[in-house]
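Structure data follow from target-v6.txt (compact mmCIF, C-alpha atoms):
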# COMPACT_ATOMS: atom_id res chain seq x y z
CA MET A 152 103.45 168.91 91.66
CA PRO A 153 100.66 166.51 90.72
CA GLU A 154 97.29 167.79 91.80
CA GLU A 155 95.24 165.53 94.07
CA PHE A 156 91.62 164.89 93.19
CA LYS A 157 88.59 163.42 94.98
CA PRO A 158 87.31 160.47 93.02
CA GLY A 159 83.62 160.27 92.19
CA CYS A 160 81.49 157.92 90.15
CA GLN A 161 82.24 159.74 86.92
CA ARG A 162 85.23 158.60 84.97
CA PRO A 163 88.03 161.12 85.24
CA PRO A 164 88.34 163.10 82.01
CA ILE A 165 91.44 162.31 80.01
CA LYS A 166 92.98 165.16 78.11
CA LYS A 167 93.84 164.20 74.59
CA THR A 168 97.45 164.08 73.55
CA ASN A 169 98.71 166.28 70.74
CA VAL A 170 98.76 163.43 68.28
CA GLU A 171 95.19 162.50 69.12
CA THR A 172 94.06 166.10 68.67
CA ASP A 173 95.82 166.34 65.34
CA ILE A 174 93.90 163.40 63.97
CA ALA A 175 91.02 165.71 63.21
CA ALA A 176 93.34 167.45 60.78
CA GLY A 177 93.02 164.74 58.16
CA PRO A 178 94.00 161.31 56.88
CA VAL A 179 97.71 162.09 56.60
CA VAL A 180 97.98 162.58 60.35
CA LYS A 181 95.76 159.56 60.91
CA GLU A 182 98.55 157.45 59.42
CA ALA A 183 100.91 158.97 61.98
CA LYS A 184 98.65 157.77 64.78
CA LYS A 185 99.53 154.17 64.01
CA SER A 186 103.24 154.74 63.64
CA MET A 187 105.76 154.43 66.42
CA VAL A 188 107.30 157.42 68.11
CA LYS A 189 110.91 158.09 67.15
CA VAL A 190 114.03 158.23 69.26
CA GLY A 191 115.60 161.67 69.35
CA LYS A 192 112.14 163.25 68.99
CA PRO A 193 109.94 164.81 71.70
CA ALA A 194 107.82 162.45 73.78
CA PRO A 195 104.08 163.07 73.25
CA ASP A 196 102.79 165.03 76.23
CA PHE A 197 99.76 163.81 78.19
CA THR A 198 97.95 164.25 81.45
CA ALA A 199 96.38 161.32 83.24
CA PRO A 200 94.76 160.41 86.53
CA ALA A 201 97.04 158.26 88.64
CA PHE A 202 97.18 156.36 91.90
CA HIS A 203 100.18 157.34 94.01
CA GLN A 204 100.84 156.14 97.54
CA GLY A 205 97.27 156.23 98.80
CA LYS A 206 96.13 159.26 96.82
CA PHE A 207 94.52 159.93 93.47
CA VAL A 208 96.38 162.62 91.54
CA ASN A 209 96.51 164.14 88.07
CA ILE A 210 99.95 164.02 86.52
CA GLY A 211 101.21 165.65 83.33
CA LEU A 212 104.34 164.44 81.63
CA SER A 213 105.39 168.06 81.10
CA GLU A 214 105.50 168.49 84.90
CA LEU A 215 108.45 166.11 84.91
CA LYS A 216 110.60 168.15 82.55
CA GLY A 217 114.09 168.49 83.97
CA LYS A 218 114.01 164.89 85.20
CA TRP A 219 114.73 161.59 83.54
CA VAL A 220 111.50 159.65 83.04
CA VAL A 221 111.04 155.93 82.47
CA LEU A 222 107.53 155.45 81.09
CA CYS A 223 106.32 151.86 81.28
CA PHE A 224 103.13 150.60 79.65
CA TYR A 225 101.77 147.16 80.50
CA PRO A 226 98.74 145.12 79.44
CA GLY A 227 96.84 145.31 82.70
CA ASP A 228 96.72 145.08 86.46
CA TYR A 229 96.66 141.52 87.81
CA THR A 230 98.04 140.11 84.57
CA PHE A 231 100.79 137.99 86.11
CA VAL A 232 104.00 139.23 84.43
CA MET B 109 109.14 156.42 86.75
CA LEU B 110 105.55 156.29 85.58
CA SER B 111 103.51 153.19 84.80
CA VAL B 112 100.52 153.26 82.47
CA SER B 113 97.72 150.81 81.71
CA VAL B 114 94.09 151.04 80.64
CA ASP B 115 92.91 150.10 84.15
CA SER B 116 91.12 152.68 86.29
CA VAL B 117 92.87 154.35 89.22
CA PHE B 118 90.57 152.32 91.48
CA VAL B 119 91.91 149.05 90.11
CA HIS B 120 95.46 150.43 90.44
CA LYS B 121 94.71 151.07 94.11
CA MET B 122 93.38 147.55 94.64
CA TRP B 123 96.33 145.98 92.85
CA ASN B 124 98.74 148.05 94.95
CA ASP B 125 96.93 147.37 98.22
CA ASN B 126 96.18 143.68 97.72
CA GLU B 127 99.12 142.31 95.78
CA LEU B 128 102.01 144.59 94.83
CA SER B 129 102.54 146.08 98.29
CA LYS B 130 102.74 142.52 99.64
CA MET B 131 105.51 141.74 97.14
CA ILE B 132 107.69 144.69 98.13
CA GLY B 133 106.58 145.48 101.68
CA HIS B 134 105.36 149.00 100.92
CA ASP B 135 103.31 151.00 98.43
CA ILE B 136 104.41 151.22 94.81
CA PRO B 137 106.69 154.29 94.90
CA PHE B 138 105.85 155.60 91.43
CA MET B 139 102.63 156.99 89.96
CA MET B 140 100.37 154.40 88.36
CA CYS B 141 98.64 156.24 85.52
CA SER B 142 95.26 155.34 84.08
CA ASP B 143 94.75 155.54 80.30
CA GLN B 144 91.22 154.21 80.00
CA ASP B 145 90.64 155.38 76.42
CA GLY B 146 94.09 154.23 75.31
CA SER B 147 94.92 157.70 73.98
CA ILE B 148 98.35 157.82 75.61
CA GLY B 149 99.20 154.34 74.32
CA LYS B 150 98.06 155.33 70.84
CA ALA B 151 100.23 158.45 70.90
CA TYR B 152 103.23 156.26 71.72
CA GLY B 153 102.30 153.61 69.15
CA ILE B 154 101.98 150.70 71.57
CA TYR B 155 98.17 150.43 71.96
CA ASP B 156 96.79 147.16 70.60
CA GLU B 157 93.40 147.89 69.05
CA ASP B 158 92.51 144.20 68.79
CA SER B 159 92.77 143.44 72.50
CA GLY B 160 92.09 146.95 73.80
CA VAL B 161 95.18 147.01 75.98
CA GLU B 162 98.65 148.45 75.89
CA THR B 163 101.62 146.30 74.95
CA ARG B 164 104.74 146.26 77.11
CA GLY B 165 106.31 149.51 75.88
CA ARG B 166 109.09 151.17 77.86
CA PHE B 167 110.36 154.64 76.99
CA ILE B 168 113.37 156.51 78.36
CA ILE B 169 112.71 160.25 78.22
CA ASP B 170 115.48 162.76 78.95
CA PRO B 171 115.17 165.99 81.00
CA ASP B 172 114.35 167.93 77.79
CA GLY B 173 111.40 165.63 77.07
CA ILE B 174 113.20 163.84 74.24
CA ILE B 175 112.75 160.08 73.80
CA GLN B 176 116.19 158.48 73.97
CA GLY B 177 115.19 154.85 73.75
CA PHE B 178 112.30 152.43 73.80
CA GLU B 179 111.54 148.73 73.90
CA VAL B 180 108.23 147.03 73.18
CA LEU B 181 107.35 143.45 74.13
CA THR B 182 104.20 141.39 73.71
CA PRO B 183 102.40 140.67 76.99
CA PRO B 184 103.77 137.24 78.04
CA VAL B 185 107.41 138.31 78.39
CA GLY B 186 108.47 140.63 81.20
CA ARG B 187 111.07 143.35 80.96
CA ASN B 188 114.63 143.25 82.22
CA VAL B 189 114.72 146.06 84.77
CA LYS B 190 118.51 145.88 85.05
CA GLU B 191 118.85 146.46 81.31
CA SER B 192 116.52 149.47 81.50
CA LEU B 193 118.64 150.91 84.32
CA ARG B 194 121.84 150.20 82.38
CA GLN B 195 120.50 152.11 79.39
CA LEU B 196 119.36 154.96 81.61
CA GLN B 197 122.84 155.18 83.18
CA ALA B 198 124.43 155.11 79.71
CA PHE B 199 122.20 157.94 78.44
CA GLN B 200 122.96 159.94 81.59
CA LEU B 201 126.70 159.48 81.08
CA VAL B 202 126.51 160.54 77.42
CA ARG B 203 124.46 163.59 78.37
CA ALA B 204 126.85 164.55 81.20
CA SER B 205 129.77 164.31 78.79
CA GLY B 206 128.07 166.75 76.45
CA GLY B 207 128.12 164.11 73.73
CA THR B 208 131.91 163.68 73.83
CA GLU B 209 131.65 160.12 75.10
CA ALA B 210 129.78 157.11 73.78
CA THR B 211 129.09 153.76 75.43
CA PRO B 212 130.09 150.70 73.40
CA SER B 213 128.14 147.43 73.29
CA GLY B 214 127.76 145.83 76.70
CA TRP B 215 128.85 148.97 78.54
CA LYS B 216 128.08 149.15 82.24
CA PRO B 217 128.92 151.83 84.83
CA GLY B 218 132.65 151.78 85.49
CA LYS B 219 133.51 150.21 82.14
CA GLN B 220 135.36 151.87 79.30
CA THR B 221 133.66 154.47 77.15
CA LEU B 222 134.71 155.63 73.71
CA LYS B 223 135.54 159.20 72.72
CA PRO B 224 134.56 159.56 69.08
CA GLY B 225 136.83 161.76 67.00
CA PRO B 226 139.11 161.74 63.97
CA ASP B 227 141.74 159.61 65.72
CA LEU B 228 139.25 156.89 66.60
CA VAL B 229 138.03 156.36 63.05
CA GLY B 230 139.13 152.89 62.01
CA ASN B 231 140.92 152.40 65.31
CA VAL B 232 138.23 151.10 67.64
CA TRP B 233 139.77 147.62 67.29
CA GLN B 234 142.91 148.92 69.01
CA VAL B 235 141.19 150.37 72.06
CA TRP B 236 138.17 148.12 72.52
CA LYS B 237 137.86 144.36 72.34
CA VAL B 238 134.77 142.37 71.40
CA GLU B 239 135.10 140.33 74.59
CA GLN B 240 134.27 143.49 76.57
CA ALA B 241 130.73 143.33 75.20
CA PHE B 242 130.23 139.99 76.97
CA GLU B 243 131.89 140.76 80.29
CA ASP B 244 129.82 140.97 83.44
What would you get if you wrote out this structure as structure tokens?
Amino acid sequence: MPEEFKPGCQRPPIKKTNVETDIAAGPVVKEAKKSMVKVGKPAPDFTAPAFHQGKFVNIGLSELKGKWVVLCFYPGDYTFV
Amino acid sequence: MLSVSVDSVFVHKMWNDNELSKMIGHDIPFMMCSDQDGSIGKAYGIYDEDSGVETRGRFIIDPDGIIQGFEVLTPPVGRNVKESLRQLQAFQLVRASGGTEATPSGWKPGKQTLKPGPDLVGNVWQVWKVEQAFED
């Protein structure tokens, strides 16, 4: 279950994804950073702070294993579409 | 269902409270994730460095954590939610069949699937018609 947190003035820390961590490994991986993920391959794991029905929680993608997940990115809140 | 943008969780709350909940009559049911450094978007290849925001990427991830499909749009054009659900239902059917069934173009729940095998090679034209791809 996502863990609730009490928000303060500090920005919540964001754990780096595997790909981001690997970038320190060298320029070959840096190229991979810009490339698209592939179908049929594992989704990069991440944890992130989230707003969910009145609460602030931390959610990790790996917590949702065993379920189908639709992950939707969008340009920004209040951006019309 | 998870949504992700570079906005803070505080802005997510305000957007939910002041606009989105008024559209649907209740709180947004899914988690609205905050990716303020864009690291999640970068990992998925949909972060736009020039504008500092995430493009409209949508990923279907199966129960094993495998990406089954994605779609990426530039900001001005919204997604087709029905198409996302159709794809999700198709992937669920294929998974439930253990890979023995496939969904042809335009497939929707209740419509004909295909069972790939030696007998079907070269014979799809006999069991499936192009018009089926355009049926409602």
With chain B as the partner and 7 Å as the cut-off, tabulate the residues of chain A that qualify, each row holding the nearest pair of atoms and their distance in Å to one decimal, using only C-alpha atoms, sorted by chain and rising number, as CSV.
residue,atom,partner,partner_atom,distance
A:Lys167,CA,B:Ser147,CA,6.6
A:Thr168,CA,B:Ile148,CA,6.7
A:Val170,CA,B:Ala151,CA,5.8
A:Glu171,CA,B:Ala151,CA,6.7
A:Lys184,CA,B:Ala151,CA,6.4
A:Lys185,CA,B:Gly153,CA,5.9
A:Ser186,CA,B:Gly153,CA,5.7
A:Met187,CA,B:Gly153,CA,4.5
A:Val188,CA,B:Tyr152,CA,5.6
A:Val190,CA,B:Ile175,CA,5.1
A:Gly191,CA,B:Ile175,CA,5.5
A:Lys192,CA,B:Ile174,CA,5.4
A:Pro193,CA,B:Ile174,CA,4.2
A:Ala194,CA,B:Ile175,CA,5.5
A:Pro195,CA,B:Ala151,CA,6.5
A:Phe197,CA,B:Ile148,CA,6.7
A:Ala199,CA,B:Cys141,CA,6.0
A:Pro200,CA,B:Ser142,CA,5.7
A:Ala201,CA,B:Cys141,CA,4.0
A:Phe202,CA,B:Met140,CA,5.2
A:His203,CA,B:Met139,CA,4.7
A:Gln204,CA,B:Asp135,CA,5.8
A:Lys216,CA,B:Pro171,CA,5.3
A:Gly217,CA,B:Pro171,CA,4.0
A:Lys218,CA,B:Pro171,CA,4.5
A:Trp219,CA,B:Asp170,CA,4.8
A:Val220,CA,B:Ile169,CA,5.0
A:Val221,CA,B:Met109,CA,4.7
A:Leu222,CA,B:Leu110,CA,5.0
A:Cys223,CA,B:Arg166,CA,4.5
A:Phe224,CA,B:Val112,CA,4.7
A:Tyr225,CA,B:Arg164,CA,4.6
A:Pro226,CA,B:Glu162,CA,4.9
A:Gly227,CA,B:Ser113,CA,5.7
A:Asp228,CA,B:Trp123,CA,6.5
A:Tyr229,CA,B:Trp123,CA,6.7
A:Val232,CA,B:Gly186,CA,5.7
To one decimal place, how far is CA of Leu228 in chain B from CA of Thr211 in chain B in Å?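 Answer for the CA of Leu228 in chain B to CA of Thr211 in chain B separation: 13.8 Å.
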Distance of CA of Val229 in chain B from CA of Gly214 in chain B, expressed in Å to one decimal place: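 For CA of Gly214 in chain B relative to CA of Val229 in chain B, the distance reads 20.1 Å.
Note that the spacing between CA of Glu209 in chain B and CA of Gln195 in chain B amounts to 14.4 Å.
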Just the residues within 6 Å of Leu212 in chain A, please, counting all atoms listed in the file, with nothing from its chain fewer than 2 positions along; format it as a ChimeraX atom specification. /A:196-197,214-215
Please list as a VMD selection string every residue within 10 Å of Ala210 in chain B, counting only C-alpha atoms and excluding residues in the same chain fewer than 2 positions away. chain B and resid 198 to 199 201 to 203 205 207 to 208 212 to 213 215 220 to 224
Point (127.1, 141.3, 79.4), cut-off 10 Å, counting all atoms listed in the file, residues as an MDAnalysis selection string: chainID B and resid 191 213:216 239:244
